[in-house]
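Enquirer: Okay, so here is my_file30.txt, and as you'll see once you scroll down, it has compact mmCIF, N, CA and C atoms.
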```
# COMPACT_ATOMS: atom_id res chain seq x y z
N MET A 41 102.27 96.84 92.80
CA MET A 41 101.82 98.10 93.34
C MET A 41 101.50 99.08 92.21
N ALA A 42 102.37 99.10 91.19
CA ALA A 42 102.13 100.01 90.07
C ALA A 42 100.84 99.64 89.34
N ARG A 43 100.57 98.34 89.21
CA ARG A 43 99.36 97.90 88.52
C ARG A 43 98.11 98.31 89.31
N LEU A 44 98.12 98.11 90.63
CA LEU A 44 96.97 98.48 91.45
C LEU A 44 96.75 99.99 91.48
N ALA A 45 97.84 100.75 91.51
CA ALA A 45 97.72 102.20 91.46
C ALA A 45 97.12 102.63 90.13
N GLY A 46 97.47 101.94 89.05
CA GLY A 46 96.90 102.24 87.74
C GLY A 46 95.40 101.96 87.69
N VAL A 47 94.97 100.88 88.34
CA VAL A 47 93.55 100.56 88.41
C VAL A 47 92.81 101.67 89.15
N ARG A 48 93.36 102.09 90.27
CA ARG A 48 92.73 103.15 91.06
C ARG A 48 92.66 104.46 90.25
N LEU A 49 93.74 104.77 89.54
CA LEU A 49 93.77 105.99 88.74
C LEU A 49 92.69 105.96 87.67
N ARG A 50 92.54 104.82 86.97
CA ARG A 50 91.52 104.71 85.93
C ARG A 50 90.11 104.86 86.52
N GLN A 51 89.90 104.31 87.71
CA GLN A 51 88.59 104.45 88.36
C GLN A 51 88.30 105.91 88.70
N GLN A 52 89.30 106.62 89.19
CA GLN A 52 89.11 108.03 89.51
C GLN A 52 88.84 108.86 88.26
N LEU A 53 89.55 108.56 87.19
CA LEU A 53 89.33 109.29 85.94
C LEU A 53 87.93 109.02 85.39
N ALA A 54 87.48 107.76 85.48
CA ALA A 54 86.15 107.41 84.99
C ALA A 54 85.07 108.11 85.81
N ALA A 55 85.35 108.35 87.08
CA ALA A 55 84.39 109.04 87.95
C ALA A 55 84.49 110.55 87.82
N GLY A 56 85.41 111.04 86.99
CA GLY A 56 85.57 112.48 86.80
C GLY A 56 86.30 113.15 87.94
N GLN A 57 87.13 112.40 88.66
CA GLN A 57 87.88 112.95 89.79
C GLN A 57 89.37 112.70 89.63
N PRO A 58 90.00 113.30 88.62
CA PRO A 58 91.44 113.08 88.46
C PRO A 58 92.21 113.71 89.62
N GLY A 59 93.30 113.12 89.94
CA GLY A 59 94.13 113.64 91.03
C GLY A 59 95.60 113.53 90.68
N PRO A 60 96.45 113.77 91.62
CA PRO A 60 97.89 113.73 91.36
C PRO A 60 98.44 112.31 91.22
N GLU A 61 97.59 111.31 91.34
CA GLU A 61 98.05 109.93 91.21
C GLU A 61 98.64 109.65 89.83
N GLY A 62 98.14 110.37 88.81
CA GLY A 62 98.69 110.21 87.47
C GLY A 62 100.15 110.59 87.40
N SER A 63 100.53 111.63 88.14
CA SER A 63 101.93 112.04 88.19
C SER A 63 102.78 110.96 88.84
N ALA A 64 102.27 110.38 89.91
CA ALA A 64 103.01 109.32 90.59
C ALA A 64 103.13 108.09 89.71
N ALA A 65 102.05 107.73 89.01
CA ALA A 65 102.09 106.56 88.13
C ALA A 65 103.10 106.74 87.01
N LYS A 66 103.12 107.92 86.40
CA LYS A 66 104.07 108.16 85.32
C LYS A 66 105.49 108.14 85.83
N LEU A 67 105.72 108.70 87.00
CA LEU A 67 107.04 108.72 87.60
C LEU A 67 107.54 107.31 87.88
N VAL A 68 106.67 106.48 88.46
CA VAL A 68 107.04 105.09 88.78
C VAL A 68 107.29 104.30 87.50
N PHE A 69 106.42 104.46 86.50
CA PHE A 69 106.59 103.71 85.26
C PHE A 69 107.89 104.10 84.56
N ALA A 70 108.20 105.38 84.51
CA ALA A 70 109.43 105.81 83.83
C ALA A 70 110.66 105.20 84.49
N LYS A 71 110.70 105.22 85.82
CA LYS A 71 111.85 104.65 86.54
C LYS A 71 111.91 103.14 86.38
N LEU A 72 110.76 102.48 86.48
CA LEU A 72 110.72 101.03 86.33
C LEU A 72 111.16 100.62 84.94
N ASN A 73 110.68 101.31 83.93
CA ASN A 73 111.06 101.00 82.54
C ASN A 73 112.56 101.19 82.33
N GLN A 74 113.13 102.24 82.89
CA GLN A 74 114.57 102.46 82.75
C GLN A 74 115.36 101.38 83.46
N ASP A 75 114.92 100.99 84.65
CA ASP A 75 115.63 99.94 85.40
C ASP A 75 115.58 98.60 84.68
N VAL A 76 114.42 98.25 84.13
CA VAL A 76 114.27 96.98 83.44
C VAL A 76 115.13 96.94 82.18
N THR A 77 115.09 98.00 81.39
CA THR A 77 115.87 97.99 80.15
C THR A 77 117.37 98.08 80.43
N GLU A 78 117.76 98.77 81.50
CA GLU A 78 119.18 98.81 81.86
C GLU A 78 119.66 97.41 82.27
N PHE A 79 118.83 96.68 83.00
CA PHE A 79 119.18 95.32 83.40
C PHE A 79 119.27 94.42 82.17
N GLU A 80 118.38 94.60 81.21
CA GLU A 80 118.41 93.82 79.98
C GLU A 80 119.70 94.07 79.21
N VAL A 81 120.14 95.32 79.15
CA VAL A 81 121.38 95.66 78.45
C VAL A 81 122.58 95.02 79.17
N GLU A 82 122.56 95.05 80.50
CA GLU A 82 123.64 94.43 81.26
C GLU A 82 123.69 92.93 81.02
N LEU A 83 122.54 92.28 80.97
CA LEU A 83 122.49 90.84 80.73
C LEU A 83 123.02 90.48 79.35
N ALA A 84 122.80 91.34 78.38
CA ALA A 84 123.23 91.06 77.01
C ALA A 84 124.73 91.23 76.83
N GLY A 85 125.40 91.83 77.78
CA GLY A 85 126.85 92.01 77.68
C GLY A 85 127.24 93.01 76.61
N PRO A 86 128.35 92.73 75.89
CA PRO A 86 128.84 93.68 74.89
C PRO A 86 127.84 93.98 73.77
N ASP A 87 126.94 93.05 73.48
CA ASP A 87 125.96 93.27 72.42
C ASP A 87 124.73 94.04 72.92
N GLY A 88 124.70 94.39 74.19
CA GLY A 88 123.53 95.02 74.77
C GLY A 88 123.16 96.34 74.15
N LEU A 89 124.13 97.13 73.75
CA LEU A 89 123.82 98.43 73.15
C LEU A 89 123.88 98.42 71.63
N ARG A 90 123.92 97.24 71.07
CA ARG A 90 123.88 97.15 69.61
C ARG A 90 122.53 97.68 69.14
N TYR A 91 122.56 98.52 68.15
CA TYR A 91 121.35 99.17 67.64
C TYR A 91 121.23 98.80 66.18
N ALA A 92 120.13 98.12 65.82
CA ALA A 92 120.01 97.53 64.50
C ALA A 92 119.61 98.50 63.40
N ASP A 93 118.94 99.59 63.73
CA ASP A 93 118.39 100.44 62.68
C ASP A 93 118.85 101.88 62.87
N TRP A 94 119.72 102.35 62.00
CA TRP A 94 120.24 103.73 62.06
C TRP A 94 119.71 104.55 60.89
N SER A 95 118.52 104.21 60.39
CA SER A 95 118.03 104.85 59.16
C SER A 95 117.57 106.29 59.36
N MET A 96 117.43 106.75 60.59
CA MET A 96 117.03 108.13 60.88
C MET A 96 115.72 108.49 60.19
N ARG A 97 114.75 107.61 60.30
CA ARG A 97 113.43 107.87 59.75
C ARG A 97 112.41 107.71 60.85
N ARG A 98 111.31 108.40 60.72
CA ARG A 98 110.24 108.30 61.71
C ARG A 98 109.57 106.94 61.56
N PRO A 99 109.46 106.18 62.66
CA PRO A 99 108.82 104.86 62.55
C PRO A 99 107.31 104.98 62.39
N ASP A 100 106.71 103.93 61.86
CA ASP A 100 105.26 103.90 61.71
C ASP A 100 104.56 103.82 63.05
N GLY A 101 105.21 103.21 64.03
CA GLY A 101 104.63 103.06 65.36
C GLY A 101 105.75 102.98 66.39
N ALA A 102 105.37 103.07 67.64
CA ALA A 102 106.36 103.02 68.71
C ALA A 102 106.30 101.68 69.42
N SER A 103 106.42 100.60 68.68
CA SER A 103 106.32 99.27 69.26
C SER A 103 107.68 98.82 69.80
N TYR A 104 107.64 98.21 70.98
CA TYR A 104 108.87 97.64 71.56
C TYR A 104 109.12 96.23 71.06
N PHE A 105 108.10 95.60 70.48
CA PHE A 105 108.23 94.23 70.04
C PHE A 105 109.18 94.15 68.83
N ASN A 106 109.94 93.10 68.80
CA ASN A 106 110.92 92.85 67.73
C ASN A 106 111.96 93.95 67.63
N ARG A 107 112.22 94.67 68.72
CA ARG A 107 113.28 95.67 68.77
C ARG A 107 114.38 95.15 69.67
N ASP A 108 115.60 95.58 69.42
CA ASP A 108 116.71 95.10 70.24
C ASP A 108 116.80 95.85 71.56
N ALA A 109 117.61 95.31 72.45
CA ALA A 109 117.74 95.88 73.80
C ALA A 109 118.26 97.32 73.76
N GLY A 110 119.15 97.62 72.82
CA GLY A 110 119.69 98.97 72.71
C GLY A 110 118.61 99.99 72.41
N TYR A 111 117.68 99.63 71.52
CA TYR A 111 116.57 100.53 71.21
C TYR A 111 115.71 100.76 72.44
N ARG A 112 115.34 99.67 73.12
CA ARG A 112 114.47 99.80 74.30
C ARG A 112 115.14 100.62 75.39
N PHE A 113 116.45 100.44 75.56
CA PHE A 113 117.19 101.19 76.58
C PHE A 113 117.18 102.68 76.26
N LEU A 114 117.52 103.02 75.02
CA LEU A 114 117.54 104.43 74.64
C LEU A 114 116.15 105.04 74.67
N ARG A 115 115.15 104.28 74.25
CA ARG A 115 113.78 104.78 74.24
C ARG A 115 113.25 105.02 75.65
N SER A 116 113.70 104.21 76.60
CA SER A 116 113.22 104.35 77.98
C SER A 116 113.68 105.66 78.61
N LYS A 117 114.77 106.21 78.12
CA LYS A 117 115.24 107.49 78.65
C LYS A 117 114.25 108.61 78.34
N GLY A 118 113.54 108.48 77.23
CA GLY A 118 112.54 109.48 76.87
C GLY A 118 111.34 109.48 77.80
N ASN A 119 111.09 108.35 78.50
CA ASN A 119 109.95 108.28 79.41
C ASN A 119 110.04 109.29 80.55
N SER A 120 111.25 109.68 80.93
CA SER A 120 111.36 110.63 82.04
C SER A 120 111.25 112.08 81.56
N ILE A 121 111.11 112.27 80.24
CA ILE A 121 111.00 113.62 79.69
C ILE A 121 109.61 113.87 79.12
N GLU A 122 109.11 112.95 78.31
CA GLU A 122 107.83 113.17 77.65
C GLU A 122 106.67 113.13 78.65
N GLY A 123 105.69 113.93 78.40
CA GLY A 123 104.52 113.97 79.28
C GLY A 123 104.79 114.66 80.61
N GLY A 124 105.83 115.44 80.69
CA GLY A 124 106.20 116.11 81.94
C GLY A 124 107.45 115.48 82.51
N THR A 125 108.45 116.28 82.76
CA THR A 125 109.70 115.71 83.26
C THR A 125 109.49 115.16 84.66
N SER A 126 110.34 114.23 85.04
CA SER A 126 110.23 113.62 86.36
C SER A 126 110.38 114.66 87.46
N GLU A 127 111.18 115.69 87.22
CA GLU A 127 111.38 116.73 88.23
C GLU A 127 110.09 117.52 88.45
N ILE A 128 109.38 117.85 87.37
CA ILE A 128 108.11 118.57 87.48
C ILE A 128 107.08 117.70 88.20
N LEU A 129 107.05 116.41 87.87
CA LEU A 129 106.09 115.52 88.50
C LEU A 129 106.38 115.38 90.00
N ARG A 130 107.64 115.37 90.37
CA ARG A 130 107.98 115.32 91.80
C ARG A 130 107.50 116.58 92.51
N ASN A 131 107.59 117.74 91.85
CA ASN A 131 107.06 118.97 92.43
C ASN A 131 105.55 118.88 92.63
N ILE A 132 104.84 118.33 91.65
CA ILE A 132 103.39 118.18 91.76
C ILE A 132 103.05 117.30 92.95
N ILE A 133 103.75 116.19 93.09
CA ILE A 133 103.49 115.27 94.20
C ILE A 133 103.80 115.96 95.53
N ALA A 134 104.92 116.66 95.59
CA ALA A 134 105.30 117.33 96.84
C ALA A 134 104.28 118.37 97.25
N GLU A 135 103.80 119.14 96.29
CA GLU A 135 102.88 120.24 96.61
C GLU A 135 101.45 119.75 96.83
N ARG A 136 100.96 118.87 95.98
CA ARG A 136 99.54 118.49 96.03
C ARG A 136 99.25 117.29 96.91
N VAL A 137 100.21 116.39 97.05
CA VAL A 137 99.97 115.20 97.86
C VAL A 137 100.53 115.38 99.26
N LEU A 138 101.78 115.79 99.33
CA LEU A 138 102.44 115.92 100.63
C LEU A 138 102.16 117.25 101.31
N GLY A 139 101.64 118.21 100.55
CA GLY A 139 101.31 119.51 101.15
C GLY A 139 102.51 120.37 101.46
N LEU A 140 103.62 120.12 100.79
CA LEU A 140 104.81 120.95 101.01
C LEU A 140 104.59 122.33 100.40
N PRO A 141 105.33 123.34 100.86
CA PRO A 141 105.15 124.69 100.32
C PRO A 141 105.47 124.74 98.83
N LEU A 142 104.78 125.64 98.14
CA LEU A 142 105.02 125.82 96.70
C LEU A 142 106.44 126.26 96.45
N GLU A 143 106.96 125.84 95.31
CA GLU A 143 108.29 126.27 94.91
C GLU A 143 108.27 127.77 94.63
N LEU A 144 109.25 128.47 95.14
CA LEU A 144 109.34 129.92 94.96
C LEU A 144 109.61 130.23 93.49
N ARG A 145 108.71 131.03 92.88
CA ARG A 145 108.87 131.43 91.48
C ARG A 145 108.66 132.92 91.38
N VAL A 146 109.72 133.64 91.14
CA VAL A 146 109.61 135.10 91.03
C VAL A 146 109.05 135.52 89.67
N ASP A 147 109.06 134.60 88.70
CA ASP A 147 108.60 134.94 87.35
C ASP A 147 107.19 134.40 87.07
N LYS A 148 106.44 134.04 88.09
CA LYS A 148 105.15 133.39 87.90
C LYS A 148 104.17 134.23 87.09
N ASP A 149 104.14 135.52 87.31
CA ASP A 149 103.17 136.38 86.62
C ASP A 149 103.78 137.18 85.47
N VAL A 150 104.97 136.78 85.02
CA VAL A 150 105.65 137.48 83.94
C VAL A 150 105.42 136.71 82.64
N PRO A 151 104.93 137.35 81.57
CA PRO A 151 104.76 136.66 80.29
C PRO A 151 106.09 136.11 79.77
N TRP A 152 106.00 135.01 79.04
CA TRP A 152 107.19 134.35 78.50
C TRP A 152 108.04 135.32 77.68
N LYS A 153 107.39 136.16 76.88
CA LYS A 153 108.15 137.08 76.01
C LYS A 153 108.95 138.10 76.80
N ASP A 154 108.57 138.35 78.05
CA ASP A 154 109.26 139.34 78.87
C ASP A 154 110.33 138.75 79.79
N LEU A 155 110.51 137.45 79.74
CA LEU A 155 111.52 136.82 80.61
C LEU A 155 112.91 137.07 80.03
N PRO A 156 113.88 137.37 80.90
CA PRO A 156 115.25 137.54 80.40
C PRO A 156 115.83 136.20 79.96
N ARG A 157 116.52 136.22 78.83
CA ARG A 157 117.13 134.99 78.29
C ARG A 157 118.59 135.21 78.05
```
The structure in this file should be written as structure tokens.

Expert:
Amino acid sequence: MARLAGVRLRQQLAAGQPGPEGSAAKLVFAKLNQDVTEFEVELAGPDGLRYADWSMRRPDGASYFNRDAGYRFLRSKGNSIEGGTSEILRNIIAERVLGLPLELRVDKDVPWKDLPR
């Protein structure tokens, strides 16, 4: 289902008609990736969270290949944050797809610098 939804999304983007399907695709992928890597860690047992590289350096690329299960598990947690948090994406789906009322925001027209912190 995720693959077919991705095909539909790419067709809509190519036609210049983006929609909220991108939010749904990202939400599904983030959850699926977390579930798969969590299962992989469980299968590996005590060695599942072993992390081979603690060098604290920026990698040349973000490849999952030749990485241990612990890395993939920890990296999958970032999928629900980067590119829009899962909570924000659920709001987009609720408002634009399901037609639910907009979330009440009293600070909508207030500049960031004027918000109380």

Enquirer: Interatomic distance between atom C of A:Ala70 and atom CA of A:Ser120?

Expert: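 So the two atoms, atom C of A:Ala70 and atom CA of A:Ser120, lie 6.0 Å apart.
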
Enquirer: From stretch 42-154 of chain A, collect each residue whose DSSP state is helix (DSSP H, G or I) and return the set as a PyMOL selection string.

Expert: chain A and resi 42-54+61-89+109-118+126-137+152-154

Enquirer: Return the single residue from A:Leu129, A:Val150, A:Ala42, A:Val81 that is closest to A:Val68, with distances computed using only C-alpha atoms.

Expert: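 Closest residue, counting only C-alpha atoms: A:Ala42.
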
Enquirer: Interatomic distance between atom CA of A:Gly118 and atom CA of A:Leu155?

Expert: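 Interatomic distance here is 27.6 Å.
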
Enquirer: Would you mind reading off the distance between atom N of A:Asn106 and atom CA of A:Lys71, one decimal, in Å?

Expert: 21.3 Å

Enquirer: Using only C-alpha atoms for the distances, tell me which of A:Gly85, A:Pro60, A:Pro151, A:Gly110 is nearest to A:Ile133.

Expert: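 With only C-alpha atoms as the atom set, the closest residue is A:Pro60.
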
Enquirer: Determine the nearest neighbour of A:Ala45 from the options A:Gly62, A:Arg112, A:Asp147, A:Arg97, counting all atoms listed in the file.

Expert: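 So, comparing all the options, the nearest one is A:Gly62.
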
Enquirer: Out of A:Asp75, A:Glu80, A:Glu61, A:Asp154, which residue has the shortest atom-to-atom distance to A:Leu49 when counting all atoms listed in the file?

Expert: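 Ranking A:Asp75, A:Glu80, A:Glu61, A:Asp154 by distance to A:Leu49, first place goes to A:Glu61.
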
Enquirer: Counting all atoms listed in the file, figure out which residue out of A:Leu89, A:Pro141, A:Asn131, A:Phe69 gets nearest to A:Phe113.

Expert: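 Nearest candidate to A:Phe113 out of A:Leu89, A:Pro141, A:Asn131, A:Phe69: A:Leu89.
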